[in-house]
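Chemist: The following block contains the structure, expressed as structure tokens.
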Amino acid sequence: MAIRTLEELEATLTADLKWRVQEMFVFEKMAEKAREHELSALMRAGLALVYAHWEGYVKTAGSGYLEYISRKRLKLGQLRPEVAAVALRNVITTLSQQKSSESHTDLVRTLWDRADETIAVPYETTTIRTNANLKFELFASIMHSLGCDASRHRAHEMLIDERLLGWRNEIAHGRGQLVTLTDWIVMRDVVEVILRDVRTQVSNAAAMNTFMRQQ
């Protein structure tokens, strides 16, 4: 479904979060009923599930928000710097890698010349770059690119990086990482809190037009 209106963005954000939260809730109830010898394998799979929803929702919410902005057909100069940088990411990356003063001049000239140009902000899910390994610092960078803020969740950085990602990578590489139901619930709860905040921040940013450059 195309995301042209605030209502359509809200519906996408809500529906995508709802099924993810429900799936993790169902998994928890299954784990509570599992026999002891089944629980280890189940929890290892469950950790991968939590990570999938962590990465998946960040990508969905981010790309949905960028689509909402893109379909407004705004001029580059109307966008706040973080969002404008997403729109010009390929140009910035190409020219900034060149060391000559001429290329740097070209970069500045491009920014000046395109200020009054109607810009298409890329919004494919690949625009939200998680590298299939969404560490907290990368999450914070993604939130920054959307004009949002991850700093309120900084206290959970170690849990995200060392447990959710670290243990998930151990499991993905065939190692016998032990995950208890208590461990899983803690990680699920933290992820759910962060994702709900992502939804709130993106929704508020769209409603308040904070993607627009402040005059």
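Each chain in the structure tokens gets a letter, A, B and so on, in the order shown; residues start at 1 in every chain, and ligands are counted from 1 in the order they appear.
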Would you please give, as a VMD selection string, all residues of segment 1-201 of chain A that DSSP assigns to alpha helix (DSSP H) based on the backbone?

Modeler: chain A and resid 6 to 33 36 to 70 81 to 87 89 to 96 101 to 113 136 to 145 157 to 158 166 to 172 181 to 201

Chemist: Which residues are near Ala84 of chain A? Cut-off 9 Å, only C-alpha atoms, ignore same chain within fewer than 5 positions. Put them as a list in words.

Modeler: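 What passes the distance filter is Leu76, Gly77, Gln78, Leu79, Arg89, Ile119, Val121 and Ser145 of chain A.
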
Chemist: For Leu107 of chain A, please output as a list in words all residues within 10 Å (counting only C-alpha atoms; exclusion window: fewer than 3 positions along the same chain).

Modeler: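 The contact residues come out as Val91, Ile92, Thr93, Thr94, Leu95, Ser96, Ser101, Glu102, Ser103, His104, Thr110, Leu111, Trp112 and Asp113 of chain A.
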
Chemist: Go ahead and save the picked residues with N, CA and C atoms, as an mmCIF file, in the first residue's frame.

Modeler:
```cif
data_model
loop_
_atom_site.group_PDB
_atom_site.id
_atom_site.type_symbol
_atom_site.label_atom_id
_atom_site.label_comp_id
_atom_site.auth_asym_id
_atom_site.auth_seq_id
_atom_site.Cartn_x
_atom_site.Cartn_y
_atom_site.Cartn_z
ATOM 1 N N VAL A 91 25.083 10.887 -4.113
ATOM 2 C CA VAL A 91 25.918 11.990 -4.596
ATOM 3 C C VAL A 91 26.982 12.347 -3.564
ATOM 4 N N ILE A 92 26.551 12.454 -2.313
ATOM 5 C CA ILE A 92 27.481 12.815 -1.238
ATOM 6 C C ILE A 92 28.576 11.765 -1.091
ATOM 7 N N THR A 93 28.184 10.497 -1.123
ATOM 8 C CA THR A 93 29.153 9.414 -0.966
ATOM 9 C C THR A 93 30.176 9.422 -2.084
ATOM 10 N N THR A 94 29.705 9.580 -3.328
ATOM 11 C CA THR A 94 30.600 9.554 -4.484
ATOM 12 C C THR A 94 31.588 10.711 -4.463
ATOM 13 N N LEU A 95 31.078 11.913 -4.262
ATOM 14 C CA LEU A 95 31.945 13.089 -4.329
ATOM 15 C C LEU A 95 32.836 13.244 -3.104
ATOM 16 N N SER A 96 32.349 12.811 -1.945
ATOM 17 C CA SER A 96 33.155 12.972 -0.729
ATOM 18 C C SER A 96 34.333 12.004 -0.687
ATOM 19 N N SER A 101 40.140 19.156 -4.622
ATOM 20 C CA SER A 101 39.337 20.331 -4.263
ATOM 21 C C SER A 101 38.224 20.545 -5.275
ATOM 22 N N GLU A 102 38.463 20.123 -6.528
ATOM 23 C CA GLU A 102 37.434 20.258 -7.560
ATOM 24 C C GLU A 102 36.193 19.438 -7.217
ATOM 25 N N SER A 103 36.408 18.221 -6.714
ATOM 26 C CA SER A 103 35.267 17.365 -6.370
ATOM 27 C C SER A 103 34.516 17.927 -5.169
ATOM 28 N N HIS A 104 35.248 18.506 -4.238
ATOM 29 C CA HIS A 104 34.601 19.116 -3.076
ATOM 30 C C HIS A 104 33.784 20.337 -3.500
ATOM 31 N N THR A 110 26.566 21.244 -6.159
ATOM 32 C CA THR A 110 25.396 20.370 -6.297
ATOM 33 C C THR A 110 24.347 20.701 -5.249
ATOM 34 N N LEU A 111 24.790 20.891 -4.025
ATOM 35 C CA LEU A 111 23.860 21.211 -2.940
ATOM 36 C C LEU A 111 23.171 22.550 -3.189
ATOM 37 N N TRP A 112 23.933 23.521 -3.655
ATOM 38 C CA TRP A 112 23.352 24.842 -3.939
ATOM 39 C C TRP A 112 22.366 24.762 -5.107
ATOM 40 N N ASP A 113 22.798 24.109 -6.184
ATOM 41 C CA ASP A 113 22.002 24.089 -7.412
ATOM 42 C C ASP A 113 20.693 23.324 -7.252
#
```

Chemist: What are the closest atom pairs, with distances in Å to one decimal, for each residue of segment 168-195 of chain A lying within 8 Å of segment 33-52 of chain A, using only C-alpha atoms, rows by chain and rising residue number, as JSON lines?

Modeler:
```
{"residue": "A:Arg168", "atom": "CA", "partner": "A:Ala48", "partner_atom": "CA", "distance": 6.0}
{"residue": "A:Ile171", "atom": "CA", "partner": "A:Arg44", "partner_atom": "CA", "distance": 7.0}
{"residue": "A:Gln177", "atom": "CA", "partner": "A:Arg44", "partner_atom": "CA", "distance": 7.6}
{"residue": "A:Leu178", "atom": "CA", "partner": "A:Ser40", "partner_atom": "CA", "distance": 6.9}
{"residue": "A:Val179", "atom": "CA", "partner": "A:Met43", "partner_atom": "CA", "distance": 5.8}
{"residue": "A:Thr180", "atom": "CA", "partner": "A:Met43", "partner_atom": "CA", "distance": 6.6}
{"residue": "A:Leu181", "atom": "CA", "partner": "A:Met43", "partner_atom": "CA", "distance": 6.6}
{"residue": "A:Trp184", "atom": "CA", "partner": "A:Leu47", "partner_atom": "CA", "distance": 6.6}
{"residue": "A:Met187", "atom": "CA", "partner": "A:Val50", "partner_atom": "CA", "distance": 7.7}
{"residue": "A:Arg188", "atom": "CA", "partner": "A:Val50", "partner_atom": "CA", "distance": 6.2}
{"residue": "A:Val191", "atom": "CA", "partner": "A:Val50", "partner_atom": "CA", "distance": 7.6}
```

Chemist: Would you save the residues of that selection, restricted to C-alpha atoms, as a short mmCIF file (atom, residue, chain, number, x, y, z; two decimals), in the first residue's frame?

Modeler:
```cif
data_model
loop_
_atom_site.label_atom_id
_atom_site.label_comp_id
_atom_site.auth_asym_id
_atom_site.auth_seq_id
_atom_site.Cartn_x
_atom_site.Cartn_y
_atom_site.Cartn_z
CA ARG A 168 22.28 -14.43 17.75
CA ILE A 171 23.75 -19.32 17.15
CA GLN A 177 24.89 -20.53 22.97
CA LEU A 178 22.53 -21.15 25.90
CA VAL A 179 19.49 -18.88 26.08
CA THR A 180 17.09 -19.19 29.01
CA LEU A 181 13.46 -18.17 28.93
CA TRP A 184 14.63 -14.19 26.18
CA MET A 187 15.51 -9.08 25.48
CA ARG A 188 12.00 -9.25 24.04
CA VAL A 191 13.16 -4.61 22.02
#
```

Chemist: I want to know what sits within 10 Å of Glu10 of chain A, based on only C-alpha atoms, with residues of the same chain fewer than 4 positions away left out; could you give that as a VMD selection string?

Modeler: chain A and resid 3 5 to 6 14 to 15 61 64 to 65 199 to 200 202 to 204 206 to 207

Chemist: Could you name the residues that touch Ala120 of chain A at 7 Å or less, counting only C-alpha atoms, but leaving out those on the same chain fewer than 4 positions away, as a VMD selection string?

Modeler: chain A and resid 70 73 87

Chemist: Quick one, how far is atom CA of Leu195 of chain A from atom CA of Ile142 of chain A?

Modeler: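 For atom CA of Leu195 of chain A relative to atom CA of Ile142 of chain A, the distance reads 13.2 Å.
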
Chemist: Would you kindly return, as a PyMOL selection string, each protein, DNA or RNA residue with an atom no farther than 10 Å from any atom of segment 128-140 of chain A, considering only C-alpha atoms and excluding same-chain residues fewer than 5 positions away?

Modeler: chain A and resi 51-52+54-56+58-63+66+86+122-123+145-146+148-151+153-154+156-162+164-166+168-169

Chemist: Just write the chosen residues, N, CA and C atoms, as a CSV table (one decimal), in the first residue's frame.

Modeler:
```
chain,number,residue,atom,x,y,z
A,51,TYR,N,15.4,-10.9,17.1
A,51,TYR,CA,16.3,-10.1,16.3
A,51,TYR,C,15.6,-9.7,15.0
A,52,ALA,N,14.9,-10.7,14.4
A,52,ALA,CA,14.2,-10.4,13.1
A,52,ALA,C,13.2,-9.3,13.2
A,54,TRP,N,13.3,-6.9,15.6
A,54,TRP,CA,14.1,-5.7,15.9
A,54,TRP,C,14.5,-5.1,14.6
A,55,GLU,N,15.2,-5.8,13.7
A,55,GLU,CA,15.6,-5.3,12.4
A,55,GLU,C,14.5,-5.0,11.5
A,56,GLY,N,13.5,-5.9,11.4
A,56,GLY,CA,12.4,-5.7,10.5
A,56,GLY,C,11.6,-4.5,10.7
A,58,VAL,N,12.4,-1.7,12.4
A,58,VAL,CA,13.2,-0.5,12.2
A,58,VAL,C,13.2,-0.2,10.7
A,59,LYS,N,13.4,-1.2,9.8
A,59,LYS,CA,13.4,-1.0,8.4
A,59,LYS,C,12.0,-0.6,7.9
A,60,THR,N,11.0,-1.2,8.4
A,60,THR,CA,9.6,-0.9,7.9
A,60,THR,C,9.2,0.5,8.3
A,61,ALA,N,9.5,0.9,9.6
A,61,ALA,CA,9.1,2.2,10.0
A,61,ALA,C,9.9,3.3,9.3
A,62,GLY,N,11.2,3.0,9.2
A,62,GLY,CA,12.0,4.0,8.5
A,62,GLY,C,11.7,4.2,7.0
A,63,SER,N,11.5,3.1,6.3
A,63,SER,CA,11.2,3.3,4.9
A,63,SER,C,9.8,3.8,4.7
A,66,LEU,N,10.0,7.6,5.2
A,66,LEU,CA,10.7,8.2,4.0
A,66,LEU,C,9.7,8.2,2.8
A,86,VAL,N,19.8,11.9,3.3
A,86,VAL,CA,19.3,10.7,2.8
A,86,VAL,C,19.0,10.8,1.3
A,122,PRO,N,14.6,8.5,-1.5
A,122,PRO,CA,14.6,7.1,-1.7
A,122,PRO,C,13.9,6.4,-0.4
A,123,TYR,N,13.0,5.5,-0.6
A,123,TYR,CA,12.4,4.9,0.5
A,123,TYR,C,12.3,3.4,0.5
A,145,SER,N,19.2,9.8,11.0
A,145,SER,CA,18.9,10.1,9.6
A,145,SER,C,17.4,10.4,9.3
A,146,LEU,N,16.6,10.0,10.3
A,146,LEU,CA,15.1,10.2,10.2
A,146,LEU,C,14.8,11.5,10.9
A,148,CYS,N,15.1,11.6,14.2
A,148,CYS,CA,14.6,11.1,15.5
A,148,CYS,C,15.8,10.9,16.4
A,149,ASP,N,15.5,10.4,17.6
A,149,ASP,CA,16.6,10.3,18.6
A,149,ASP,C,16.6,9.0,19.4
A,150,ALA,N,17.7,8.3,19.4
A,150,ALA,CA,17.8,7.0,20.1
A,150,ALA,C,18.5,7.1,21.5
A,151,SER,N,18.9,8.3,21.9
A,151,SER,CA,19.7,8.5,23.1
A,151,SER,C,19.0,8.0,24.3
A,153,HIS,N,17.5,5.4,24.8
A,153,HIS,CA,17.6,3.9,24.9
A,153,HIS,C,19.1,3.5,25.1
A,154,ARG,N,20.0,4.5,25.2
A,154,ARG,CA,21.4,4.2,25.3
A,154,ARG,C,21.7,3.2,26.4
A,156,HIS,N,20.4,0.6,27.1
A,156,HIS,CA,20.3,-0.8,26.6
A,156,HIS,C,21.3,-1.2,25.5
A,157,GLU,N,22.2,-0.4,25.3
A,157,GLU,CA,23.2,-0.6,24.2
A,157,GLU,C,23.9,-2.0,24.4
A,158,MET,N,24.4,-2.2,25.6
A,158,MET,CA,25.1,-3.5,25.8
A,158,MET,C,24.2,-4.7,25.6
A,159,LEU,N,23.0,-4.6,26.1
A,159,LEU,CA,22.1,-5.7,25.9
A,159,LEU,C,21.8,-6.0,24.5
A,160,ILE,N,21.6,-5.0,23.7
A,160,ILE,CA,21.4,-5.1,22.3
A,160,ILE,C,22.6,-5.7,21.6
A,161,ASP,N,23.8,-5.1,21.8
A,161,ASP,CA,25.0,-5.5,21.1
A,161,ASP,C,25.5,-6.9,21.6
A,162,GLU,N,25.6,-7.1,22.9
A,162,GLU,CA,26.3,-8.3,23.4
A,162,GLU,C,25.4,-9.5,23.5
A,164,LEU,N,21.6,-9.7,22.3
A,164,LEU,CA,20.7,-9.9,21.2
A,164,LEU,C,21.5,-10.2,19.9
A,165,LEU,N,22.5,-9.4,19.6
A,165,LEU,CA,23.3,-9.6,18.4
A,165,LEU,C,24.4,-10.6,18.6
A,166,GLY,N,25.1,-10.5,19.8
A,166,GLY,CA,26.2,-11.4,20.0
A,166,GLY,C,25.8,-12.8,20.1
A,168,ARG,N,22.9,-14.0,19.0
A,168,ARG,CA,22.3,-14.4,17.8
A,168,ARG,C,23.4,-14.8,16.7
A,169,ASN,N,24.5,-14.1,16.7
A,169,ASN,CA,25.6,-14.5,15.8
A,169,ASN,C,26.2,-15.8,16.2
```

Chemist: Tell me, which residues of segment 5-212 of chain A carry DSSP strand (DSSP E or B), written as a PDB file with N, CA and C atoms, in the first residue's frame?

Modeler:
```pdb
ATOM      1  N   LYS A  75      10.791  20.326  -2.100  1.00  0.00           N
ATOM      2  CA  LYS A  75      12.076  20.753  -2.640  1.00  0.00           C
ATOM      3  C   LYS A  75      13.177  20.380  -1.650  1.00  0.00           C
ATOM      4  N   LEU A  79      13.771  20.431   3.150  1.00  0.00           N
ATOM      5  CA  LEU A  79      13.978  19.297   4.047  1.00  0.00           C
ATOM      6  C   LEU A  79      15.003  19.616   5.127  1.00  0.00           C
ATOM      7  N   THR A 118      12.617  19.782  -6.858  1.00  0.00           N
ATOM      8  CA  THR A 118      11.749  18.799  -6.211  1.00  0.00           C
ATOM      9  C   THR A 118      12.511  17.484  -6.122  1.00  0.00           C
ATOM     10  N   MET A 212      10.678  18.903   7.939  1.00  0.00           N
ATOM     11  CA  MET A 212      10.867  20.168   7.231  1.00  0.00           C
ATOM     12  C   MET A 212      11.997  20.972   7.874  1.00  0.00           C
TER      13      MET A 212
END
```

Chemist: Which residue gives the smallest distance to Leu17 of chain A among A:Glu82, A:Glu67, A:Glu117, A:Asp197, with only C-alpha atoms counted?

Modeler: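 Of A:Glu82, A:Glu67, A:Glu117, A:Asp197, the one nearest Leu17 of chain A is A:Asp197, counting only C-alpha atoms.
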
Chemist: If you measure from atom CA of Thr125 of chain A to atom CA of Met208 of chain A, what distance in Å do you get, rounded to one decimal?

Modeler: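 That distance, rounded to one decimal, is 23.4 Å.
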
Chemist: Check the smallest atom-to-atom distance from each of A:Met1, A:Met143, A:Val186, A:Val26 to Ala205 of chain A using only C-alpha atoms, then report the winner.

Modeler: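 Looking at the shortest contact to Ala205 of chain A, the residue is A:Met143.
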
Chemist: What is the atom CA of His144 of chain A to atom CA of Thr210 of chain A distance in Å?

Modeler: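 Computed distance, atom CA of His144 of chain A to atom CA of Thr210 of chain A, equals 12.4 Å.
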